[in-house]
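Participant: Dumping the structure here so I can ask a few things about it.
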Amino acid sequence: PTFSSPRLSRRRAPRVVSDAGVRVAMVLYFTPSGAETTKHKLYMGKDKVENEDLIKYGLPLDVWFHVSKMSSAHVYVRVAHGETIDDITPEELEDCAQLVKANSIAGNKENNVTIVYTPWSNLKKTSDMAVGQVGFFDDKLVRKVKVEKRKNEIVNRLNKTKTELFPDLAEEKEAYERAIREEKKAHYREEEFKRLEEERIREADREARSYDLIMDSDKMTTNKQNAAKYASFEEAEDDFM
């Protein structure tokens, strides 16, 4: 299946252009339930053009939401580093479902609407798709939640936290990837240090064992024992030679 974005308003916000001449997308941010504990972020594009940027510059931490079989906004939850889709709380899940339903022209008017959600990495975008349209690499990674009806108390609470920003999504993605590379390097250095230390300990143990064999007391003789073995110094010297 493929999903597309609605035109949320006939009036379009002015495009912001960076110093490099690149258009910067407007992103709407919301504060989901429990954000003070989870540190999760909830956001969506202003319209289908902004959604293209969110699709392009998403992170592995992002989980995408959309109304099934209807045009709607693209809503995302960004979980914390090391977390997955399974770390979205039930309260956050309901917030996302209500927000995406409220931002669907058709879905907002209907009851018993199905919301689909999946990791950002599962979104498939091909050159023949319309602006804001996506598919999936693996349908098995797509989850569904049913929204019986719109809950104004949730939608109103979220809208009160709405902030319109113009983030540099490309730089955010590069900064994230840079941090991941540094984390991998640090992990490699740590593992390499452990490996070398373990090898040093094994080598020291091997050397100790080798020395113990050389200095085996059962195979060694004292001067007294040698003196008793030979009748004279000359005899011992002849035996040595």
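Following the order of the structure tokens, chains are lettered A, B, ..., residues in each are numbered from 1, and ligands are numbered from 1.
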Go through stretch 2-220 of chain A and collect every residue that DSSP, computed from the backbone, puts in alpha helix (DSSP H); the answer should be as a PyMOL selection string.

Facilitator: chain A and resi 35-38+48-56+90-102+152-160+169-214

Participant: Using only C-alpha atoms, I'd like a table of the residues in stretch 21-101 of chain A that come within 10 Å of stretch 140-149 of chain A; for each, show the closest atom pair and its distance in Å rounded to one decimal, ordered by chain and ascending number, as a tab-separated table.

Facilitator:
```
residue	atom	partner	partner_atom	distance
A:Trp64	CA	A:Val142	CA	9.7
A:Phe65	CA	A:Lys144	CA	9.4
A:His66	CA	A:Lys144	CA	9.8
A:Val67	CA	A:Lys144	CA	9.6
A:Ser68	CA	A:Lys144	CA	8.5
A:Ile85	CA	A:Arg143	CA	9.8
A:Leu93	CA	A:Val145	CA	8.5
A:Glu94	CA	A:Val147	CA	8.3
A:Ala97	CA	A:Val147	CA	6.9
A:Gln98	CA	A:Val147	CA	7.3
A:Lys101	CA	A:Val147	CA	8.1
```

Participant: For each of A:Ser72, A:Ser127, A:Thr31, A:Thr163, take the minimum atom-to-atom distance to A:Ala106, counting only C-alpha atoms, then give the residue where this is smallest.

Facilitator: A:Ser72

Participant: May I ask which of the residues A:Glu183, A:Glu174, A:Glu52, A:Asp128 is the closest one to A:Val27, counting only C-alpha atoms?

Facilitator: A:Glu52

Participant: Identify, on the basis of only C-alpha atoms, every residue whose closest approach to A:Val134 does not exceed 12 Å; exclude the query and any residue fewer than 6 positions from it along the same chain; express the result as a list in words.

Facilitator: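 Surrounding residues, per the criterion: Pro1, Thr2, Phe3, Ser4, Ser5, Lys48, Asn51, Glu52, Leu54, Ile55, Lys56, Trp64, Phe65, His66, Ser71, His74, Thr118, Trp120, Ser121, Asn122, Leu123, Lys124, Lys125, Thr126, Ser127 and Asp128 of chain A.
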
Participant: Those residues you just picked out, can you put them in a file as an mmCIF file, in the first residue's frame with N, CA, C and O atoms?

Facilitator:
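Writing the result to result13.cif gives the following:
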```cif
data_model
loop_
_atom_site.group_PDB
_atom_site.id
_atom_site.type_symbol
_atom_site.label_atom_id
_atom_site.label_comp_id
_atom_site.auth_asym_id
_atom_site.auth_seq_id
_atom_site.Cartn_x
_atom_site.Cartn_y
_atom_site.Cartn_z
ATOM 1 N N PRO A 1 0.831 -1.207 0.000
ATOM 2 C CA PRO A 1 0.000 0.000 0.000
ATOM 3 C C PRO A 1 0.863 1.252 0.000
ATOM 4 O O PRO A 1 1.997 1.233 0.443
ATOM 5 N N THR A 2 0.284 2.349 -0.486
ATOM 6 C CA THR A 2 0.982 3.627 -0.454
ATOM 7 C C THR A 2 0.119 4.626 0.286
ATOM 8 O O THR A 2 -1.106 4.488 0.359
ATOM 9 N N PHE A 3 0.738 5.646 0.841
ATOM 10 C CA PHE A 3 0.017 6.631 1.625
ATOM 11 C C PHE A 3 0.434 8.019 1.179
ATOM 12 O O PHE A 3 1.588 8.256 0.839
ATOM 13 N N SER A 4 -0.496 8.957 1.194
ATOM 14 C CA SER A 4 -0.196 10.313 0.761
ATOM 15 C C SER A 4 -0.624 11.318 1.816
ATOM 16 O O SER A 4 -1.336 10.997 2.765
ATOM 17 N N SER A 5 -0.206 12.571 1.623
ATOM 18 C CA SER A 5 -0.470 13.633 2.576
ATOM 19 C C SER A 5 -1.552 14.556 2.053
ATOM 20 O O SER A 5 -1.662 14.800 0.858
ATOM 21 N N LYS A 48 2.507 18.254 2.583
ATOM 22 C CA LYS A 48 3.118 17.115 1.907
ATOM 23 C C LYS A 48 4.537 17.405 1.435
ATOM 24 O O LYS A 48 5.355 16.490 1.322
ATOM 25 N N ASN A 51 6.669 16.869 4.317
ATOM 26 C CA ASN A 51 6.728 15.428 4.582
ATOM 27 C C ASN A 51 7.815 14.743 3.764
ATOM 28 O O ASN A 51 8.421 13.768 4.212
ATOM 29 N N GLU A 52 8.064 15.259 2.562
ATOM 30 C CA GLU A 52 9.143 14.707 1.745
ATOM 31 C C GLU A 52 10.489 14.845 2.461
ATOM 32 O O GLU A 52 11.312 13.933 2.448
ATOM 33 N N LEU A 54 10.902 15.087 5.723
ATOM 34 C CA LEU A 54 10.908 14.211 6.890
ATOM 35 C C LEU A 54 11.199 12.769 6.485
ATOM 36 O O LEU A 54 11.892 12.043 7.207
ATOM 37 N N ILE A 55 10.672 12.361 5.343
ATOM 38 C CA ILE A 55 10.953 11.014 4.839
ATOM 39 C C ILE A 55 12.441 10.879 4.506
ATOM 40 O O ILE A 55 13.092 9.896 4.849
ATOM 41 N N LYS A 56 12.980 11.892 3.859
ATOM 42 C CA LYS A 56 14.375 11.855 3.407
ATOM 43 C C LYS A 56 15.362 11.904 4.569
ATOM 44 O O LYS A 56 16.372 11.184 4.567
ATOM 45 N N TRP A 64 6.835 6.222 12.280
ATOM 46 C CA TRP A 64 5.923 6.965 11.391
ATOM 47 C C TRP A 64 4.486 6.510 11.591
ATOM 48 O O TRP A 64 4.206 5.313 11.700
ATOM 49 N N PHE A 65 3.539 7.475 11.611
ATOM 50 C CA PHE A 65 2.102 7.188 11.762
ATOM 51 C C PHE A 65 1.320 7.797 10.602
ATOM 52 O O PHE A 65 1.652 8.894 10.120
ATOM 53 N N HIS A 66 0.252 7.098 10.186
ATOM 54 C CA HIS A 66 -0.591 7.573 9.084
ATOM 55 C C HIS A 66 -1.955 6.900 9.197
ATOM 56 O O HIS A 66 -2.068 5.776 9.702
ATOM 57 N N SER A 71 -5.927 9.910 3.033
ATOM 58 C CA SER A 71 -4.919 10.957 3.043
ATOM 59 C C SER A 71 -4.851 11.543 4.451
ATOM 60 O O SER A 71 -5.877 11.791 5.085
ATOM 61 N N HIS A 74 1.659 13.128 8.115
ATOM 62 C CA HIS A 74 2.635 12.134 8.535
ATOM 63 C C HIS A 74 3.100 12.546 9.928
ATOM 64 O O HIS A 74 3.717 13.600 10.093
ATOM 65 N N THR A 118 4.900 2.370 11.708
ATOM 66 C CA THR A 118 6.035 1.505 11.392
ATOM 67 C C THR A 118 7.327 2.293 11.588
ATOM 68 O O THR A 118 7.307 3.534 11.557
ATOM 69 N N TRP A 120 10.616 4.307 10.766
ATOM 70 C CA TRP A 120 10.964 5.136 9.606
ATOM 71 C C TRP A 120 11.785 4.340 8.587
ATOM 72 O O TRP A 120 11.617 4.507 7.372
ATOM 73 N N SER A 121 12.661 3.474 9.055
ATOM 74 C CA SER A 121 13.528 2.704 8.155
ATOM 75 C C SER A 121 12.737 1.765 7.252
ATOM 76 O O SER A 121 13.277 1.260 6.264
ATOM 77 N N ASN A 122 11.469 1.543 7.565
ATOM 78 C CA ASN A 122 10.642 0.654 6.742
ATOM 79 C C ASN A 122 9.896 1.428 5.651
ATOM 80 O O ASN A 122 9.195 0.822 4.848
ATOM 81 N N LEU A 123 10.033 2.754 5.627
ATOM 82 C CA LEU A 123 9.353 3.544 4.604
ATOM 83 C C LEU A 123 10.081 3.415 3.269
ATOM 84 O O LEU A 123 11.295 3.559 3.202
ATOM 85 N N LYS A 124 9.317 3.174 2.239
ATOM 86 C CA LYS A 124 9.878 3.000 0.898
ATOM 87 C C LYS A 124 9.424 4.142 0.001
ATOM 88 O O LYS A 124 8.232 4.381 -0.166
ATOM 89 N N LYS A 125 10.387 4.839 -0.568
ATOM 90 C CA LYS A 125 10.082 5.961 -1.450
ATOM 91 C C LYS A 125 10.756 5.729 -2.786
ATOM 92 O O LYS A 125 11.981 5.565 -2.860
ATOM 93 N N THR A 126 9.976 5.699 -3.861
ATOM 94 C CA THR A 126 10.530 5.503 -5.199
ATOM 95 C C THR A 126 10.257 6.740 -6.051
ATOM 96 O O THR A 126 9.384 7.559 -5.739
ATOM 97 N N SER A 127 10.993 6.857 -7.137
ATOM 98 C CA SER A 127 10.926 8.057 -7.968
ATOM 99 C C SER A 127 9.568 8.243 -8.646
ATOM 100 O O SER A 127 9.206 9.355 -9.031
ATOM 101 N N ASP A 128 8.804 7.159 -8.812
ATOM 102 C CA ASP A 128 7.525 7.280 -9.499
ATOM 103 C C ASP A 128 6.382 7.641 -8.559
ATOM 104 O O ASP A 128 5.245 7.794 -8.989
#
```

Participant: Please report the interatomic distance between atom CA of A:Val77 and atom CA of A:Glu91 in Å with one decimal.

Facilitator: 12.2 Å

Participant: Of the candidates A:Glu83, A:Glu153, A:Lys41, A:Gly107, which one gets nearest to A:Lys69 if we count only C-alpha atoms?

Facilitator: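 Of A:Glu83, A:Glu153, A:Lys41, A:Gly107, the one nearest A:Lys69, counting only C-alpha atoms, is A:Gly107.
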
Participant: Between A:Leu61, A:Val155, A:Ile180, A:Leu42, which has the minimum distance to A:Glu92 (counting only C-alpha atoms)?

Facilitator: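 Counting only C-alpha atoms, the residue closest to A:Glu92 is A:Leu42.
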
Participant: If I take atom CA of A:Met26 and atom CA of A:Tyr76, how far is one from the other in Å, to one decimal?

Facilitator: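 Between atom CA of A:Met26 and atom CA of A:Tyr76 the gap is 14.2 Å.
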
Participant: Among the residues of stretch 141-223 of chain A, find those DSSP assigns to strand (DSSP E) from the backbone and print them as a list of chain:residue names.

Facilitator: A:Arg143, A:Lys144, A:Val145, A:Lys146, A:Val147, A:Thr163, A:Glu164, A:Leu165

Participant: Which residue gives the smallest distance to A:Leu99 among A:Pro167, A:Leu28, A:Arg209, A:Arg78, with only C-alpha atoms counted?

Facilitator: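 Of A:Pro167, A:Leu28, A:Arg209, A:Arg78, the one nearest A:Leu99 is A:Leu28, counting only C-alpha atoms.
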
Participant: Just the residues within 10 Å of stretch 87-90 of chain A, please, counting only C-alpha atoms, with nothing from its chain fewer than 5 positions along; format it as a PDB file with N, CA, C and O atoms, in the first residue's frame.

Facilitator:
```pdb
ATOM      1  N   PRO A  32       4.199  14.930  23.749  1.00  0.00           N
ATOM      2  CA  PRO A  32       3.306  13.806  24.064  1.00  0.00           C
ATOM      3  C   PRO A  32       3.241  13.539  25.564  1.00  0.00           C
ATOM      4  O   PRO A  32       4.067  14.046  26.340  1.00  0.00           O
ATOM      5  N   SER A  33       2.284  12.743  25.959  1.00  0.00           N
ATOM      6  CA  SER A  33       2.147  12.365  27.369  1.00  0.00           C
ATOM      7  C   SER A  33       3.409  11.671  27.857  1.00  0.00           C
ATOM      8  O   SER A  33       3.954  10.805  27.174  1.00  0.00           O
ATOM      9  N   GLY A  34       3.867  12.061  29.043  1.00  0.00           N
ATOM     10  CA  GLY A  34       5.016  11.397  29.643  1.00  0.00           C
ATOM     11  C   GLY A  34       6.354  11.789  29.071  1.00  0.00           C
ATOM     12  O   GLY A  34       7.360  11.148  29.367  1.00  0.00           O
ATOM     13  N   THR A  38      10.041   9.996  29.276  1.00  0.00           N
ATOM     14  CA  THR A  38      10.541   9.236  28.121  1.00  0.00           C
ATOM     15  C   THR A  38      11.524  10.039  27.268  1.00  0.00           C
ATOM     16  O   THR A  38      12.348   9.451  26.565  1.00  0.00           O
ATOM     17  N   HIS A  40      10.734  11.493  24.660  1.00  0.00           N
ATOM     18  CA  HIS A  40      10.338  11.295  23.272  1.00  0.00           C
ATOM     19  C   HIS A  40       9.790  12.592  22.671  1.00  0.00           C
ATOM     20  O   HIS A  40       9.246  13.430  23.390  1.00  0.00           O
ATOM     21  N   VAL A  63       9.475   6.736  14.430  1.00  0.00           N
ATOM     22  CA  VAL A  63       8.361   5.832  14.114  1.00  0.00           C
ATOM     23  C   VAL A  63       7.287   6.670  13.435  1.00  0.00           C
ATOM     24  O   VAL A  63       6.884   7.722  13.944  1.00  0.00           O
ATOM     25  N   VAL A  77       7.052   9.817  15.953  1.00  0.00           N
ATOM     26  CA  VAL A  77       7.581   9.835  17.317  1.00  0.00           C
ATOM     27  C   VAL A  77       9.068   9.529  17.208  1.00  0.00           C
ATOM     28  O   VAL A  77       9.454   8.576  16.527  1.00  0.00           O
ATOM     29  N   ARG A  78       9.875  10.343  17.855  1.00  0.00           N
ATOM     30  CA  ARG A  78      11.314  10.070  17.910  1.00  0.00           C
ATOM     31  C   ARG A  78      11.632   9.550  19.305  1.00  0.00           C
ATOM     32  O   ARG A  78      11.540  10.279  20.286  1.00  0.00           O
ATOM     33  N   VAL A  79      11.986   8.261  19.382  1.00  0.00           N
ATOM     34  CA  VAL A  79      12.283   7.650  20.669  1.00  0.00           C
ATOM     35  C   VAL A  79      13.733   7.937  21.063  1.00  0.00           C
ATOM     36  O   VAL A  79      14.499   8.506  20.291  1.00  0.00           O
ATOM     37  N   ALA A  80      14.100   7.541  22.250  1.00  0.00           N
ATOM     38  CA  ALA A  80      15.450   7.799  22.746  1.00  0.00           C
ATOM     39  C   ALA A  80      16.455   6.840  22.113  1.00  0.00           C
ATOM     40  O   ALA A  80      16.092   5.782  21.589  1.00  0.00           O
ATOM     41  N   GLY A  82      18.840   3.974  21.453  1.00  0.00           N
ATOM     42  CA  GLY A  82      18.826   2.612  21.972  1.00  0.00           C
ATOM     43  C   GLY A  82      17.443   2.024  22.107  1.00  0.00           C
ATOM     44  O   GLY A  82      17.299   0.839  22.424  1.00  0.00           O
ATOM     45  N   ASP A  95      -1.829   9.340  21.734  1.00  0.00           N
ATOM     46  CA  ASP A  95      -1.585  10.722  21.302  1.00  0.00           C
ATOM     47  C   ASP A  95      -1.324  10.775  19.801  1.00  0.00           C
ATOM     48  O   ASP A  95      -1.890  11.608  19.084  1.00  0.00           O
ATOM     49  N   CYS A  96      -0.459   9.895  19.318  1.00  0.00           N
ATOM     50  CA  CYS A  96      -0.115   9.868  17.893  1.00  0.00           C
ATOM     51  C   CYS A  96      -1.324   9.526  17.040  1.00  0.00           C
ATOM     52  O   CYS A  96      -1.565  10.150  15.989  1.00  0.00           O
TER      53      CYS A  96
END
```
